[in-house]
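Visitor: Got a structure here, written out as structure tokens. Questions coming.
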Amino acid sequence: MRLLFVAAVALIDHDARVLISKRPPGKSLAGLWEFPGGKIEQGERPETALIRELREELDIDVTESCLAPLTFASHSYDDFHLFMPLYVCRRWQRMVTPMENQELKWVRPRDMRQLPMPPADVPRLVQAVLTGADLVESMPPGAGRRALVAQADRAAPTLADGLRRIGYDVEVITAYRTELRRPAPE
């Protein structure tokens, strides 16, 4: 079975809404809502793929330091197996614009369950976004980065084990955790 690596992101606006995109007619899983992102090219890091895809699909600029790993999905479809890390991002430059004539929608995390989404995107990823949104909303100001570090610490052993099993470079996880521990830019 072919293994497909895709990176996705939950873009969260200042009103705590998440951006989702509707898959266009003619593509697999057409008509389903998904997190923005795309295929990770050979030799490309997930963050680099997201930065490229977000520029191509939504005409926004994102820096790597604004992408925080949240969770991942591993799902078998009929003809391929998908591995998809999901990031969360709250900062970007430029106005979100659909560059591929795709339909976009800003939704409250709790409302995502009512939308048809690809099997890989639900329930784990939606639940992670819901949990992350609840966590962020309940944190005192300035606690966001510490909470993300704590979440990465809790998830790292499980994620690293899964990545090792499919031959992915586990050093990437260590780099994520190191990056999260750096002081936030002023």
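Just so we're on the same page: first chain in the structure tokens is A, next is B, and so on; residues restart at 1 for each chain, and ligands are numbered from 1 in the order they show up.
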Show me, as a list of chain:residue names, the residues that have an atom within 8 Å of Asp59 of chain A when counting only C-alpha atoms, minus same-chain residues fewer than 3 positions from it.
Guide: A:Leu54, A:Arg55, A:Glu56, A:Arg94, A:Met95, A:Val96, A:Thr97, A:Pro98, A:Met99
Visitor: Give me the residues near Leu29 of chain A as an MDAnalysis selection string, where near means some atom within 12 Å (using only C-alpha atoms) and where sequence neighbours in that chain fewer than 3 positions away do not count.
Guide: chainID A and resid 22:26 32:34 77 116:121
Visitor: Select, from A:Gly43, A:Leu4, A:Gln102, A:Phe35, the residue with the minimum atom-to-atom distance to His75 of chain A, counting only C-alpha atoms.
Guide: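 Ranking A:Gly43, A:Leu4, A:Gln102, A:Phe35 by distance to His75 of chain A, first place goes to A:Leu4.
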Visitor: Restricting the calculation to only C-alpha atoms, which member of A:Lys39, A:Arg17, A:Arg45, A:Arg91 is positioned closest to Ile60 of chain A?
Guide: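 Among A:Lys39, A:Arg17, A:Arg45, A:Arg91, it is A:Arg91 that comes nearest to Ile60 of chain A.
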Visitor: Quick check, in Å to one decimal: how far apart do atom CA of Thr48 of chain A and atom CA of Arg110 of chain A lie?
Guide: 29.0 Å
Visitor: I need the helix (DSSP H, G or I) residues of segment 28-58 of chain A per DSSP on the backbone, written as a list in words.
Guide: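 Selecting the helix (DSSP H, G or I) positions of segment 28-58 of chain A gives Pro46, Glu47, Thr48, Ala49, Leu50, Ile51, Arg52, Glu53, Leu54, Arg55, Glu56, Glu57 and Leu58 of chain A.
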Visitor: List as a JSON list (two decimals) with all heavy atoms, in the first residue's frame the protein and nucleic acid residues near Ser76 of chain A, meaning an atom at most 12 Å away when only C-alpha atoms are counted, but skip any in the same chain fewer than 2 places from it.
Guide:
```
[["chain", "number", "residue", "atom", "x", "y", "z"],
["A", 1, "MET", "N", 0.85, -1.18, 0.00],
["A", 1, "MET", "CA", 0.00, 0.00, 0.00],
["A", 1, "MET", "C", 0.89, 1.24, 0.00],
["A", 1, "MET", "O", 1.87, 1.32, 0.74],
["A", 1, "MET", "CB", -0.92, -0.02, 1.23],
["A", 1, "MET", "CG", -1.86, 1.16, 1.28],
["A", 1, "MET", "SD", -3.04, 1.10, 2.66],
["A", 1, "MET", "CE", -4.24, -0.03, 2.01],
["A", 2, "ARG", "N", 0.54, 2.20, -0.81],
["A", 2, "ARG", "CA", 1.30, 3.45, -0.92],
["A", 2, "ARG", "C", 1.10, 4.29, 0.34],
["A", 2, "ARG", "O", 0.01, 4.41, 0.87],
["A", 2, "ARG", "CB", 0.78, 4.20, -2.14],
["A", 2, "ARG", "CG", 1.49, 5.51, -2.42],
["A", 2, "ARG", "CD", 1.05, 6.11, -3.75],
["A", 2, "ARG", "NE", -0.36, 6.46, -3.76],
["A", 2, "ARG", "CZ", -0.83, 7.70, -3.61],
["A", 2, "ARG", "NH1", 0.00, 8.70, -3.44],
["A", 2, "ARG", "NH2", -2.12, 7.93, -3.64],
["A", 3, "LEU", "N", 2.20, 4.89, 0.83],
["A", 3, "LEU", "CA", 2.16, 5.74, 2.01],
["A", 3, "LEU", "C", 2.22, 7.19, 1.55],
["A", 3, "LEU", "O", 3.10, 7.58, 0.78],
["A", 3, "LEU", "CB", 3.35, 5.43, 2.92],
["A", 3, "LEU", "CG", 3.45, 6.20, 4.22],
["A", 3, "LEU", "CD1", 2.22, 5.97, 5.10],
["A", 3, "LEU", "CD2", 4.70, 5.78, 4.98],
["A", 4, "LEU", "N", 1.26, 8.00, 1.99],
["A", 4, "LEU", "CA", 1.17, 9.40, 1.60],
["A", 4, "LEU", "C", 1.35, 10.27, 2.84],
["A", 4, "LEU", "O", 0.63, 10.11, 3.83],
["A", 4, "LEU", "CB", -0.20, 9.68, 0.95],
["A", 4, "LEU", "CG", -0.46, 11.11, 0.49],
["A", 4, "LEU", "CD1", 0.51, 11.52, -0.61],
["A", 4, "LEU", "CD2", -1.90, 11.23, 0.01],
["A", 73, "ALA", "N", -2.73, 12.25, 12.38],
["A", 73, "ALA", "CA", -3.67, 11.19, 11.98],
["A", 73, "ALA", "C", -2.90, 10.17, 11.16],
["A", 73, "ALA", "O", -2.01, 10.51, 10.39],
["A", 73, "ALA", "CB", -4.81, 11.77, 11.16],
["A", 74, "SER", "N", -3.27, 8.92, 11.33],
["A", 74, "SER", "CA", -2.74, 7.83, 10.54],
["A", 74, "SER", "C", -3.95, 7.00, 10.13],
["A", 74, "SER", "O", -4.62, 6.41, 10.98],
["A", 74, "SER", "CB", -1.76, 7.01, 11.38],
["A", 74, "SER", "OG", -1.20, 5.98, 10.62],
["A", 78, "ASP", "N", -8.66, 3.07, 0.82],
["A", 78, "ASP", "CA", -8.65, 1.87, -0.02],
["A", 78, "ASP", "C", -7.32, 1.64, -0.74],
["A", 78, "ASP", "O", -6.84, 0.52, -0.80],
["A", 78, "ASP", "CB", -9.77, 1.92, -1.06],
["A", 78, "ASP", "CG", -11.16, 1.79, -0.42],
["A", 78, "ASP", "OD1", -11.24, 1.24, 0.70],
["A", 78, "ASP", "OD2", -12.13, 2.23, -1.05],
["A", 79, "ASP", "N", -6.72, 2.71, -1.27],
["A", 79, "ASP", "CA", -5.52, 2.53, -2.09],
["A", 79, "ASP", "C", -4.26, 3.22, -1.56],
["A", 79, "ASP", "O", -3.24, 3.24, -2.23],
["A", 79, "ASP", "CB", -5.80, 2.98, -3.53],
["A", 79, "ASP", "CG", -6.32, 4.41, -3.61],
["A", 79, "ASP", "OD1", -6.73, 4.96, -2.57],
["A", 79, "ASP", "OD2", -6.33, 4.96, -4.72],
["A", 80, "PHE", "N", -4.32, 3.79, -0.37],
["A", 80, "PHE", "CA", -3.13, 4.39, 0.22],
["A", 80, "PHE", "C", -3.33, 4.54, 1.72],
["A", 80, "PHE", "O", -4.44, 4.47, 2.24],
["A", 80, "PHE", "CB", -2.80, 5.76, -0.41],
["A", 80, "PHE", "CG", -3.81, 6.83, -0.15],
["A", 80, "PHE", "CD1", -3.67, 7.71, 0.92],
["A", 80, "PHE", "CD2", -4.92, 6.98, -0.98],
["A", 80, "PHE", "CE1", -4.62, 8.70, 1.15],
["A", 80, "PHE", "CE2", -5.86, 7.97, -0.75],
["A", 80, "PHE", "CZ", -5.71, 8.82, 0.31],
["A", 81, "HIS", "N", -2.20, 4.75, 2.41],
["A", 81, "HIS", "CA", -2.24, 5.03, 3.84],
["A", 81, "HIS", "C", -1.77, 6.46, 4.04],
["A", 81, "HIS", "O", -0.72, 6.86, 3.54],
["A", 81, "HIS", "CB", -1.35, 4.07, 4.63],
["A", 81, "HIS", "CG", -1.51, 4.26, 6.11],
["A", 81, "HIS", "ND1", -2.47, 3.61, 6.84],
["A", 81, "HIS", "CD2", -0.86, 5.08, 6.97],
["A", 81, "HIS", "CE1", -2.40, 4.00, 8.10],
["A", 81, "HIS", "NE2", -1.43, 4.90, 8.21],
["A", 82, "LEU", "N", -2.55, 7.24, 4.77],
["A", 82, "LEU", "CA", -2.25, 8.65, 5.00],
["A", 82, "LEU", "C", -1.65, 8.85, 6.38],
["A", 82, "LEU", "O", -2.18, 8.36, 7.37],
["A", 82, "LEU", "CB", -3.53, 9.48, 4.90],
["A", 82, "LEU", "CG", -3.38, 10.96, 5.21],
["A", 82, "LEU", "CD1", -2.80, 11.69, 4.00],
["A", 82, "LEU", "CD2", -4.73, 11.57, 5.57],
["A", 83, "PHE", "N", -0.52, 9.57, 6.42],
["A", 83, "PHE", "CA", 0.04, 10.02, 7.69],
["A", 83, "PHE", "C", 0.03, 11.54, 7.62],
["A", 83, "PHE", "O", 0.60, 12.13, 6.70],
["A", 83, "PHE", "CB", 1.47, 9.51, 7.91],
["A", 83, "PHE", "CG", 2.02, 9.97, 9.22],
["A", 83, "PHE", "CD1", 1.67, 9.31, 10.40],
["A", 83, "PHE", "CD2", 2.84, 11.07, 9.30],
["A", 83, "PHE", "CE1", 2.15, 9.74, 11.62],
["A", 83, "PHE", "CE2", 3.33, 11.52, 10.52],
["A", 83, "PHE", "CZ", 2.97, 10.86, 11.69],
["A", 84, "MET", "N", -0.65, 12.18, 8.60],
["A", 84, "MET", "CA", -0.84, 13.62, 8.54],
["A", 84, "MET", "C", -0.62, 14.28, 9.90],
["A", 84, "MET", "O", -1.45, 14.17, 10.79],
["A", 84, "MET", "CB", -2.26, 13.92, 8.05],
["A", 84, "MET", "CG", -2.57, 15.40, 7.93],
["A", 84, "MET", "SD", -4.14, 15.75, 7.12],
["A", 84, "MET", "CE", -5.31, 15.01, 8.26],
["A", 118, "PRO", "N", -13.26, 14.25, 5.73],
["A", 118, "PRO", "CA", -12.61, 12.97, 5.42],
["A", 118, "PRO", "C", -12.37, 12.16, 6.69],
["A", 118, "PRO", "O", -12.13, 12.75, 7.76],
["A", 118, "PRO", "CB", -11.28, 13.38, 4.78],
["A", 118, "PRO", "CG", -11.49, 14.77, 4.30],
["A", 118, "PRO", "CD", -12.47, 15.39, 5.27],
["A", 119, "PRO", "N", -12.40, 10.84, 6.60],
["A", 119, "PRO", "CA", -12.20, 10.00, 7.79],
["A", 119, "PRO", "C", -10.92, 10.31, 8.55],
["A", 119, "PRO", "O", -10.90, 10.24, 9.77],
["A", 119, "PRO", "CB", -12.17, 8.58, 7.22],
["A", 119, "PRO", "CG", -12.86, 8.65, 5.92],
["A", 119, "PRO", "CD", -12.65, 10.05, 5.40],
["A", 120, "ALA", "N", -9.85, 10.68, 7.86],
["A", 120, "ALA", "CA", -8.59, 10.97, 8.55],
["A", 120, "ALA", "C", -8.70, 12.22, 9.41],
["A", 120, "ALA", "O", -7.96, 12.38, 10.38],
["A", 120, "ALA", "CB", -7.46, 11.13, 7.54]]
```
Visitor: Ile40 of chain A: which residues within 9 Å, counting only C-alpha atoms, same-chain residues fewer than 4 positions away excluded, as a list in words?
Guide: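 The residues satisfying every condition are Leu4, Phe5, Val6, Ala7, Glu44, Arg45, Pro46, Thr48, Ala49 and Leu50 of chain A.
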Visitor: Could you please determine the separation between atom CA of Ala10 of chain A and atom CA of Ile51 of chain A in Å, to one decimal place?
Guide: 13.0 Å
Visitor: Could you tell me how far atom CA of Asn101 of chain A lies from atom CA of Glu64 of chain A, in Å and to one decimal?
Guide: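 Computing it gives 25.7 Å between the two atoms.
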Visitor: With only C-alpha atoms as the atoms that count, which of A:Ala30, A:Gln42, A:Cys89, A:Leu11 lies nearest to Thr63 of chain A?
Guide: A:Cys89
Visitor: Fewer than 5 positions away in the same chain doesn't count, so skip those; otherwise give me all residues within 7 Å of Lys105 of chain A, counting only C-alpha atoms, as a PyMOL selection string.
Guide: chain A and resi 19-21
Visitor: Please dump the current selection as a CSV table (one decimal), in the first residue's frame; keep N, CA, C and O atoms.
Guide:
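Resulting contents of selection.csv:
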```csv
chain,number,residue,atom,x,y,z
A,19,LEU,N,-10.3,27.7,10.3
A,19,LEU,CA,-10.6,27.8,8.9
A,19,LEU,C,-10.6,26.3,8.3
A,19,LEU,O,-9.7,25.5,8.6
A,20,ILE,N,-11.6,26.0,7.6
A,20,ILE,CA,-11.7,24.8,6.9
A,20,ILE,C,-12.0,25.0,5.4
A,20,ILE,O,-12.5,26.1,5.0
A,21,SER,N,-11.6,24.1,4.6
A,21,SER,CA,-11.7,24.2,3.1
A,21,SER,C,-12.5,23.1,2.5
A,21,SER,O,-12.3,21.9,3.0
```
